[in-house]
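Worksheet: the structure to be examined is printed underneath.
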Amino acid sequence: MYKKFLLFTSIIQLAILSMLITGCEKIDQMITPDTTVPTMDKTLKIGVIQPSNTFTTFSQGAETARVQINEMGGVLGMKVEFISRDNQPVATAPPTPEASVSAAKELIDVEDVFALLGPIYSTNAVEVGPIAQQAKRLMLPGSSGSNVPVVGDYVFLITVPNPFQGKVMASFAMNPDELGAKTAATIHEDGDVYSNDLVLAFEDAFQGIGGKIVHSGTYSAGDTTFTNLLTEIHNTNPDVIFCPAFQPEVPLLINEARSIGITVSFLGGSAWDDRERFLSILDDNSVLDDCYYPTNFSVATPDPNVQEFVQGYTALFGGPPDGIAASGYDAMRLLARAIDTAGSLDNEAVRDAFAETSGYKGATTISHYDGNRHPVKSLAIQVIQDGQVKHYKVVEP
């Protein structure tokens, strides 16, 4: 009798257990997981091509954006991860196209990154562009060369393009309320895409509004003396000298110019805004006083979006950002915005969303992109006074 009771009890327990299991299955079928809540359990990999010893604030600006984006839930619920590669094999020499190409191929083919931020030098960017285009990866360089995006529709400039920089600086030089120049000499680094492109833009604009170019010369990367070049320029007696190239050569060149009696203002390009390094070359930066250069960013802008960037950057890196940092920040923010707009990681959809960018406000303001994939945006002119960079004025497009 007792055995029959145990058998009956076991049968009842099995029946109840079966009902519970079946019920749980039905409940599971009724509950749809909430996929709108970011889980951050997936990663969006972005490649960064960054020289280790020059223009390093580009990646720092991008990092500021990455931290802010992840704090807000990531991109489509994914945490943004940077995978960086150095394209500067020799610390005392410029980054090379060869190292840049190698970095891009590794980031795309091995690391399978979704997009590329960088490279910075136009000379490198024009070589990396075809790789990004073929792989259908968005490439957002820190360079301003007008021909960088020519390769195709996956490459977009972030900073103010050279044609606008050259036009603004030519008008500034000739403006009777500014420098009132009628003649100019130009200098660029031999073989460098960026400085040559910007000099051509300046010369075309300067001559187009009635100015005269009295001398156009070059130097080579690594030069430390410029006696012959500066003597030739001195003999032409220009009203201004346009030299939109890099440190360490430009500060050394200006210092030597002052020593031989050239007193006119030097004008530069956005490459001068690697300001920490630019101002570290000379023992006495007062020789750089009354020199002017353009940048796409001014820390003095009161816009809350700009100040959000300034505060975030300063908290991470202990000092205020420059124009190079602003480009890195905007590159990452614009990329995240395009992905969110597309609603997916479909390469073509994100590219199309990026091309339709309008009314963007971040470290800088971008009205829209033109047909050349150049951003339409304002330009800030900086001046060096008492050996320090100071904000001078803003020029709208």
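In the structure tokens, chains take letters A, B, ... by order of appearance, with residues numbered from 1 within each chain and ligands from 1 in the order shown.
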
List every residue of segment 67-160 of chain A that has an atom at most 10 Å from any atom of segment 200-221 of chain A, giving for each one its closest atom pair and the distance in Å to one decimal, counting only C-alpha atoms, sorted by chain and then by ascending residue number, as a Markdown table.
```
| residue | atom | partner | partner_atom | distance |
| --- | --- | --- | --- | --- |
| A:Ala93 | CA | A:Ala221 | CA | 8.0 |
| A:Pro94 | CA | A:Ala221 | CA | 8.1 |
| A:Ser146 | CA | A:Ala201 | CA | 9.6 |
```

Since we have the selection now, will you write its residues out, keeping C-alpha atoms, as a PDB file, in the first residue's frame?
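The resulting file, part03.pdb, is reproduced below:
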```
ATOM      1  CA  ALA A  93      60.830  63.253 -39.155  1.00  0.00           C
ATOM      2  CA  PRO A  94      57.325  63.725 -40.574  1.00  0.00           C
ATOM      3  CA  SER A 146      41.480  70.204 -51.312  1.00  0.00           C
TER       4      SER A 146
END
```

Surrounding residues of Val394 of chain A excluding itself and chain neighbours under 5 positions, 8 Å, only C-alpha atoms, as a PyMOL selection string:
chain A and resi 378-381

For the selection you just gave me, I'd like the residues written to a file as an mmCIF file, in the first residue's frame, keeping all heavy atoms.
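File written: part37.cif
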```
data_model
loop_
_atom_site.group_PDB
_atom_site.id
_atom_site.type_symbol
_atom_site.label_atom_id
_atom_site.label_comp_id
_atom_site.auth_asym_id
_atom_site.auth_seq_id
_atom_site.Cartn_x
_atom_site.Cartn_y
_atom_site.Cartn_z
ATOM 1 N N SER A 378 32.944 78.227 -40.605
ATOM 2 C CA SER A 378 33.652 79.482 -40.341
ATOM 3 C C SER A 378 35.121 79.210 -40.050
ATOM 4 O O SER A 378 35.547 78.064 -39.851
ATOM 5 C CB SER A 378 33.011 80.217 -39.160
ATOM 6 O OG SER A 378 33.082 79.425 -37.991
ATOM 7 N N LEU A 379 35.886 80.285 -40.021
ATOM 8 C CA LEU A 379 37.321 80.209 -39.811
ATOM 9 C C LEU A 379 37.710 81.246 -38.764
ATOM 10 O O LEU A 379 37.244 82.388 -38.803
ATOM 11 C CB LEU A 379 38.051 80.501 -41.129
ATOM 12 C CG LEU A 379 39.552 80.256 -41.215
ATOM 13 C CD1 LEU A 379 39.839 78.769 -41.082
ATOM 14 C CD2 LEU A 379 40.089 80.761 -42.547
ATOM 15 N N ALA A 380 38.536 80.845 -37.818
ATOM 16 C CA ALA A 380 39.041 81.786 -36.810
ATOM 17 C C ALA A 380 40.477 82.153 -37.157
ATOM 18 O O ALA A 380 41.267 81.290 -37.548
ATOM 19 C CB ALA A 380 38.971 81.171 -35.419
ATOM 20 N N ILE A 381 40.807 83.424 -37.040
ATOM 21 C CA ILE A 381 42.186 83.876 -37.238
ATOM 22 C C ILE A 381 42.810 84.107 -35.870
ATOM 23 O O ILE A 381 42.222 84.775 -35.013
ATOM 24 C CB ILE A 381 42.235 85.157 -38.092
ATOM 25 C CG1 ILE A 381 41.715 84.869 -39.508
ATOM 26 C CG2 ILE A 381 43.663 85.702 -38.163
ATOM 27 C CD1 ILE A 381 41.699 86.076 -40.423
#
```

Proximity of segment 197-312 of chain A to segment 59-79 of chain A: per-residue shortest pair, 10 Å limit, only C-alpha atoms, as CSV:
```
residue,atom,partner,partner_atom,distance
A:Glu308,CA,A:Gln68,CA,9.8
A:Phe309,CA,A:Thr64,CA,7.5
A:Val310,CA,A:Thr64,CA,9.4
A:Gln311,CA,A:Thr64,CA,9.7
A:Gly312,CA,A:Thr64,CA,6.2
```

Just the selected residues (N, CA and C atoms), exported as a PDB file, in the first residue's frame, please.
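Contents of the output file again.pdb:
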```pdb
ATOM      1  N   GLU A 308      31.374  72.501 -24.075  1.00  0.00           N
ATOM      2  CA  GLU A 308      31.286  71.097 -23.668  1.00  0.00           C
ATOM      3  C   GLU A 308      32.541  70.350 -24.100  1.00  0.00           C
ATOM      4  N   PHE A 309      32.990  70.646 -25.328  1.00  0.00           N
ATOM      5  CA  PHE A 309      34.228  70.052 -25.832  1.00  0.00           C
ATOM      6  C   PHE A 309      35.416  70.521 -25.009  1.00  0.00           C
ATOM      7  N   VAL A 310      35.527  71.820 -24.781  1.00  0.00           N
ATOM      8  CA  VAL A 310      36.658  72.379 -24.043  1.00  0.00           C
ATOM      9  C   VAL A 310      36.741  71.770 -22.648  1.00  0.00           C
ATOM     10  N   GLN A 311      35.616  71.692 -21.964  1.00  0.00           N
ATOM     11  CA  GLN A 311      35.605  71.159 -20.604  1.00  0.00           C
ATOM     12  C   GLN A 311      35.943  69.677 -20.576  1.00  0.00           C
ATOM     13  N   GLY A 312      35.386  68.920 -21.531  1.00  0.00           N
ATOM     14  CA  GLY A 312      35.669  67.491 -21.584  1.00  0.00           C
ATOM     15  C   GLY A 312      37.124  67.212 -21.897  1.00  0.00           C
TER      16      GLY A 312
END
```

query: atom CA of Thr263 of chain A and atom CA of Glu178 of chain A are how many Å apart?
result: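 Interatomic distance here is 16.2 Å.
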
Exercise for review: Give the strand (DSSP E) residues of segment 161-373 of chain A, as DSSP finds them on the backbone, and put them as a PyMOL selection string.
Suggested key: chain A and resi 183-189+212-219+240-242+266-267+291-295+358-361+365-369

Surrounding residues of Phe164 of chain A excluding itself and chain neighbours under 4 positions, 12 Å, only C-alpha atoms, as a PyMOL selection string:
chain A and resi 144-146+159-160+168-171+197-202+204-205+269-270+294-296+374-380+395-397
